[in-house]
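Student: There's a structure below that I have some questions on.
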Amino acid sequence: MLVRGWLIQKRLLCKCSFLLLLALPLLFAAGLGGLAKEESGIASIALYVPKDDAAAKQVEERLLDKKSAFRFLSCETGEEAVTLVETGAADAAWLFSEEMEETLCELAKKRRVRPLVKVVERRDRVPLILARETLSAAIYPAFSYAVYESYVTRDLGLTELSDEMIRQTYEGVAVRGSLFVPVYADGSSVETTEISYVQAPLRGILAIWLVVMGLAAVLFFMRDEERGVYGRLSGAGRFLAFYGVGGVFLLDGTVILLLCCKLSGVFTDVFREVVCAAVFACCALAFSNLLRLLCRTPRWIGVILLPLSAAMLALCPIFLDLQKYRAGKRLLPPWYYLQAVHNTRYLYEMAVYTVILVLVGAVIQRFQSRVA
């Protein structure tokens, strides 16, 4: 078996198409790593902040200093910011009030409500809705202090306290640290190193690529069948022969998947990653074998390739996590893999799903052999 596996590996390494298939995810991961370091965002927002308003400047610092999925463009005037939106250079413009500090004080004292920020948009989109939430979070500390100062001076009547003393007292009782502790469903803690939103879909795309590698193994095996390479083997023999050929394909693919995850920064724990990738490779191999038995010809494999890839992109949690179509999700190997990386329960489910695929494939192979 080892000799036959090595001979298949030598054949594959002599094929430029196979080497290109292995190189594509490495190039893709390297490209995403480079893009993650560049200035980018899901939306570009032009900022106009009055230079003489301290409260507005503090809000601007919070927006610019914090790592975000939004790209902020500082403008000298409000007209310049609006022009960027009109010309398409920015998705939205945030025009801060010329008297933001005074407006916050009036709002805290419940005297009158005036707009703090004028938001100019070309059209409403999901990223811009999220951006407005970011703006609210940046303004909240200034509003919180204004409410505190109003309570101390008006409600408590401590008018003799200086602004500096009120500020020191406020900062002294402020809660330090994060109010949220992110953990995964299995109880493991989330890594402190943040992953760029550009790199977030990498693992899902690699999972789909590994399934495509399994389909490539199917086409490779079918071509050898047409040449009569497995003509002397029985149905059960061909069933096992495909697992040998496909195992070489997915062994190389698994190594590339782990390498891409490591180089791109989405790698978690060595043991967890290796085990999940190994079980996922077995699952993808059994899934590809089932498709081989159902399709039976290279033509039908080519027909289902694009719809299957589109289904995996839509149903697996790569860009979106749809709440419906749960039954359809559980038929796709990448769904189990993406869940299993951070939840051991899905690792066991993926193993059970793999065993079911193997058994169903064996039954179909036996039935086809009897019919033939």
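Quick note on naming: the chains in the structure tokens go A, B, ... in the order shown, residues restart at 1 in each chain, and ligands are numbered from 1 in order of appearance.
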Using only C-alpha atoms, determine which residues lie at most 12 Å from Leu315 in chain A, disregarding the query and same-chain residues fewer than 6 positions distant; provide the list as a count of residues only.

Tutor: 22

Student: Quick one: pick out all helix (DSSP H, G or I) residues within range 39-252 of chain A from a backbone DSSP run and write them as JSON, numbers by chain.

Tutor: {"A": [54, 55, 56, 57, 58, 59, 60, 61, 62, 63, 64, 65, 78, 79, 80, 81, 82, 83, 84, 85, 86, 100, 101, 102, 103, 104, 105, 106, 107, 108, 126, 127, 128, 129, 130, 131, 132, 133, 134, 135, 136, 137, 138, 139, 140, 141, 142, 143, 144, 145, 146, 147, 148, 149, 150, 151, 152, 153, 154, 155, 163, 164, 165, 166, 167, 168, 169, 170, 171, 172, 202, 203, 204, 205, 206, 207, 208, 209, 210, 211, 212, 213, 214, 215, 216, 217, 218, 219, 220, 221, 222, 223, 224, 225, 226, 235, 236, 237, 238, 239, 240, 241, 242, 243, 244, 245, 246, 247, 248, 249, 250, 251, 252]}

Student: Write down as a short mmCIF file (atom, residue, chain, number, x, y, z; two decimals) with N, CA and C atoms, in the first residue's frame the residues belonging to range 76-119 of chain A that are assigned strand (DSSP E) by DSSP computed on the backbone.

Tutor:
data_model
loop_
_atom_site.label_atom_id
_atom_site.label_comp_id
_atom_site.auth_asym_id
_atom_site.auth_seq_id
_atom_site.Cartn_x
_atom_site.Cartn_y
_atom_site.Cartn_z
N ALA A 92 -20.14 57.34 3.39
CA ALA A 92 -20.92 58.19 4.29
C ALA A 92 -20.03 59.30 4.81
N ALA A 93 -20.65 60.35 5.30
CA ALA A 93 -19.92 61.47 5.91
C ALA A 93 -20.55 61.76 7.26
N TRP A 94 -19.69 61.91 8.27
CA TRP A 94 -20.14 62.27 9.62
C TRP A 94 -19.67 63.68 9.91
N LEU A 95 -20.62 64.60 10.03
CA LEU A 95 -20.30 66.00 10.28
C LEU A 95 -20.62 66.32 11.74
N PHE A 96 -19.59 66.50 12.54
CA PHE A 96 -19.77 66.78 13.96
C PHE A 96 -20.22 68.22 14.17
N VAL A 117 -24.34 64.80 15.56
CA VAL A 117 -23.63 64.46 14.33
C VAL A 117 -24.63 64.40 13.18
N LYS A 118 -24.28 65.03 12.08
CA LYS A 118 -25.08 64.95 10.87
C LYS A 118 -24.50 63.85 9.99
N VAL A 119 -25.30 62.87 9.64
CA VAL A 119 -24.85 61.72 8.86
C VAL A 119 -25.37 61.84 7.44
#

Student: If you count only C-alpha atoms, which residues fall within 6 Å of range 66-79 of chain A, apart from same-chain ones fewer than 5 positions away, as an MDAnalysis selection string?

Tutor: chainID A and resid 41:48

Student: Save out the residues we just selected, N, CA and C atoms, as a PDB file, in the first residue's frame.

Tutor:
ATOM      1  N   GLY A  41     -11.368  48.548   4.570  1.00  0.00           N
ATOM      2  CA  GLY A  41     -12.553  48.542   5.403  1.00  0.00           C
ATOM      3  C   GLY A  41     -13.771  48.160   4.608  1.00  0.00           C
ATOM      4  N   ILE A  42     -14.829  47.754   5.314  1.00  0.00           N
ATOM      5  CA  ILE A  42     -16.060  47.391   4.636  1.00  0.00           C
ATOM      6  C   ILE A  42     -16.844  48.632   4.233  1.00  0.00           C
ATOM      7  N   ALA A  43     -16.436  49.792   4.726  1.00  0.00           N
ATOM      8  CA  ALA A  43     -17.067  51.053   4.349  1.00  0.00           C
ATOM      9  C   ALA A  43     -16.091  52.190   4.633  1.00  0.00           C
ATOM     10  N   SER A  44     -16.108  53.204   3.757  1.00  0.00           N
ATOM     11  CA  SER A  44     -15.264  54.395   3.930  1.00  0.00           C
ATOM     12  C   SER A  44     -16.132  55.538   4.433  1.00  0.00           C
ATOM     13  N   ILE A  45     -15.680  56.180   5.498  1.00  0.00           N
ATOM     14  CA  ILE A  45     -16.472  57.232   6.140  1.00  0.00           C
ATOM     15  C   ILE A  45     -15.628  58.498   6.253  1.00  0.00           C
ATOM     16  N   ALA A  46     -16.139  59.590   5.711  1.00  0.00           N
ATOM     17  CA  ALA A  46     -15.460  60.884   5.796  1.00  0.00           C
ATOM     18  C   ALA A  46     -15.855  61.573   7.098  1.00  0.00           C
ATOM     19  N   LEU A  47     -14.861  62.076   7.830  1.00  0.00           N
ATOM     20  CA  LEU A  47     -15.097  62.725   9.125  1.00  0.00           C
ATOM     21  C   LEU A  47     -14.786  64.214   9.029  1.00  0.00           C
ATOM     22  N   TYR A  48     -15.719  65.024   9.490  1.00  0.00           N
ATOM     23  CA  TYR A  48     -15.421  66.443   9.695  1.00  0.00           C
ATOM     24  C   TYR A  48     -15.585  66.734  11.183  1.00  0.00           C
TER      25      TYR A  48
END

Student: Please measure the separation of CA of Phe239 in chain A and CA of Gln365 in chain A, giving the value in Å to one decimal.

Tutor: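 Separation of CA of Phe239 in chain A and CA of Gln365 in chain A: 7.1 Å.
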
Student: Using only C-alpha atoms, I'd like a table of the residues in range 6-67 of chain A that come within 10 Å of range 99-107 of chain A; for each, show the closest atom pair and its distance in Å rounded to one decimal, ordered by chain and ascending number, as CSV.

Tutor:
residue,atom,partner,partner_atom,distance
A:Val49,CA,A:Met100,CA,9.7
A:Pro50,CA,A:Glu99,CA,8.4
A:Asp52,CA,A:Glu99,CA,9.0
A:Asp53,CA,A:Glu101,CA,6.7
A:Ala54,CA,A:Glu101,CA,7.1
A:Ala55,CA,A:Glu101,CA,5.3
A:Ala56,CA,A:Met100,CA,6.2
A:Lys57,CA,A:Met100,CA,9.8

Student: Could you dump the residues just selected with N, CA and C atoms as a PDB file, in the first residue's frame?

Tutor:
ATOM      1  N   VAL A  49     -14.480  67.118  11.808  1.00  0.00           N
ATOM      2  CA  VAL A  49     -14.465  67.388  13.244  1.00  0.00           C
ATOM      3  C   VAL A  49     -13.968  68.813  13.463  1.00  0.00           C
ATOM      4  N   PRO A  50     -14.745  69.682  14.124  1.00  0.00           N
ATOM      5  CA  PRO A  50     -14.281  71.049  14.414  1.00  0.00           C
ATOM      6  C   PRO A  50     -13.006  71.025  15.246  1.00  0.00           C
ATOM      7  N   ASP A  52     -11.768  73.291  17.215  1.00  0.00           N
ATOM      8  CA  ASP A  52     -11.810  73.983  18.502  1.00  0.00           C
ATOM      9  C   ASP A  52     -12.687  73.279  19.538  1.00  0.00           C
ATOM     10  N   ASP A  53     -13.304  72.187  19.194  1.00  0.00           N
ATOM     11  CA  ASP A  53     -14.202  71.509  20.117  1.00  0.00           C
ATOM     12  C   ASP A  53     -13.490  70.297  20.711  1.00  0.00           C
ATOM     13  N   ALA A  54     -13.249  70.337  22.032  1.00  0.00           N
ATOM     14  CA  ALA A  54     -12.495  69.270  22.692  1.00  0.00           C
ATOM     15  C   ALA A  54     -13.269  67.957  22.690  1.00  0.00           C
ATOM     16  N   ALA A  55     -14.584  68.012  22.917  1.00  0.00           N
ATOM     17  CA  ALA A  55     -15.382  66.785  22.956  1.00  0.00           C
ATOM     18  C   ALA A  55     -15.378  66.085  21.606  1.00  0.00           C
ATOM     19  N   ALA A  56     -15.502  66.862  20.540  1.00  0.00           N
ATOM     20  CA  ALA A  56     -15.483  66.281  19.198  1.00  0.00           C
ATOM     21  C   ALA A  56     -14.128  65.658  18.889  1.00  0.00           C
ATOM     22  N   LYS A  57     -13.061  66.290  19.325  1.00  0.00           N
ATOM     23  CA  LYS A  57     -11.717  65.750  19.089  1.00  0.00           C
ATOM     24  C   LYS A  57     -11.521  64.430  19.839  1.00  0.00           C
TER      25      LYS A  57
END

Student: Need the shell around Arg4 in chain A: protein/DNA/RNA residues with any atom at most 12 Å away, counting only C-alpha atoms. Skip same-chain ones fewer than 6 positions apart. Format as a ChimeraX atom specification?

Tutor: /A:10-11,241,244-245,247-248

Student: Keeping only C-alpha atoms, write the selected residues as a CSV table (one decimal), in the first residue's frame.

Tutor:
chain,number,residue,atom,x,y,z
A,10,LYS,CA,4.9,10.6,-8.0
A,11,ARG,CA,2.3,10.7,-10.8
A,241,ALA,CA,-8.9,1.6,-4.7
A,244,GLY,CA,-6.3,4.9,-1.7
A,245,VAL,CA,-6.1,7.3,-4.7
A,247,GLY,CA,-6.3,9.5,0.3
A,248,VAL,CA,-3.1,10.7,-1.5

Student: Set the distance at 9 Å and use only C-alpha atoms: which residues neighbour Tyr148 in chain A once local chain neighbours fewer than 6 positions away are removed? I'd like the list as a PyMOL selection string.

Tutor: chain A and resi 108+166+170

Student: Could you write those residues out with N, CA and C atoms, as an mmCIF file, in the first residue's frame?

Tutor:
data_model
loop_
_atom_site.group_PDB
_atom_site.id
_atom_site.type_symbol
_atom_site.label_atom_id
_atom_site.label_comp_id
_atom_site.auth_asym_id
_atom_site.auth_seq_id
_atom_site.Cartn_x
_atom_site.Cartn_y
_atom_site.Cartn_z
ATOM 1 N N ALA A 108 -27.453 66.513 28.565
ATOM 2 C CA ALA A 108 -27.329 65.903 29.887
ATOM 3 C C ALA A 108 -28.245 66.589 30.900
ATOM 4 N N ILE A 166 -13.817 67.092 39.498
ATOM 5 C CA ILE A 166 -14.925 66.250 39.024
ATOM 6 C C ILE A 166 -14.414 65.205 38.043
ATOM 7 N N TYR A 170 -14.452 61.165 38.549
ATOM 8 C CA TYR A 170 -15.124 60.339 37.541
ATOM 9 C C TYR A 170 -14.188 59.253 37.004
#

Student: Could you tell me which of A:Ile8, A:Val212, A:His342, A:Ala362 comes closest to Glu273 in chain A if we count only C-alpha atoms?

Tutor: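 Of the candidates, the smallest distance to Glu273 in chain A is held by A:His342.
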
Student: Just the number, please: distance in Å from CA of Val270 in chain A to CA of Arg203 in chain A, one decimal.

Tutor: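 Straight-line distance from CA of Val270 in chain A to CA of Arg203 in chain A works out to 15.1 Å.
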
Student: Which of these residues is nearest to Ser144 in chain A, using only C-alpha atoms: A:Lys109, A:Val274, A:Val360, A:Thr297?

Tutor: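 With only C-alpha atoms as the atom set, the closest residue is A:Lys109.
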
Student: Given only C-alpha atoms as the basis, pick out the residue of A:Pro141, A:Leu251, A:Tyr151, A:Thr83 nearest to Arg122 in chain A.

Tutor: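 Closest to Arg122 in chain A of all the choices is A:Thr83.
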
Student: Applying 10 Å and only C-alpha atoms, which residues near Ala207 in chain A remain after dropping the ones on its own chain fewer than 6 positions away? List them as a VMD selection string.

Tutor: chain A and resid 213 253 to 254 257 277 280 to 281 284 312 316 318 333 to 335 337 to 338

Student: Using only C-alpha atoms, can you tell me which of A:Val218, A:Phe319, A:Ala90, A:Gln339 comes closest to Phe287 in chain A?

Tutor: A:Val218
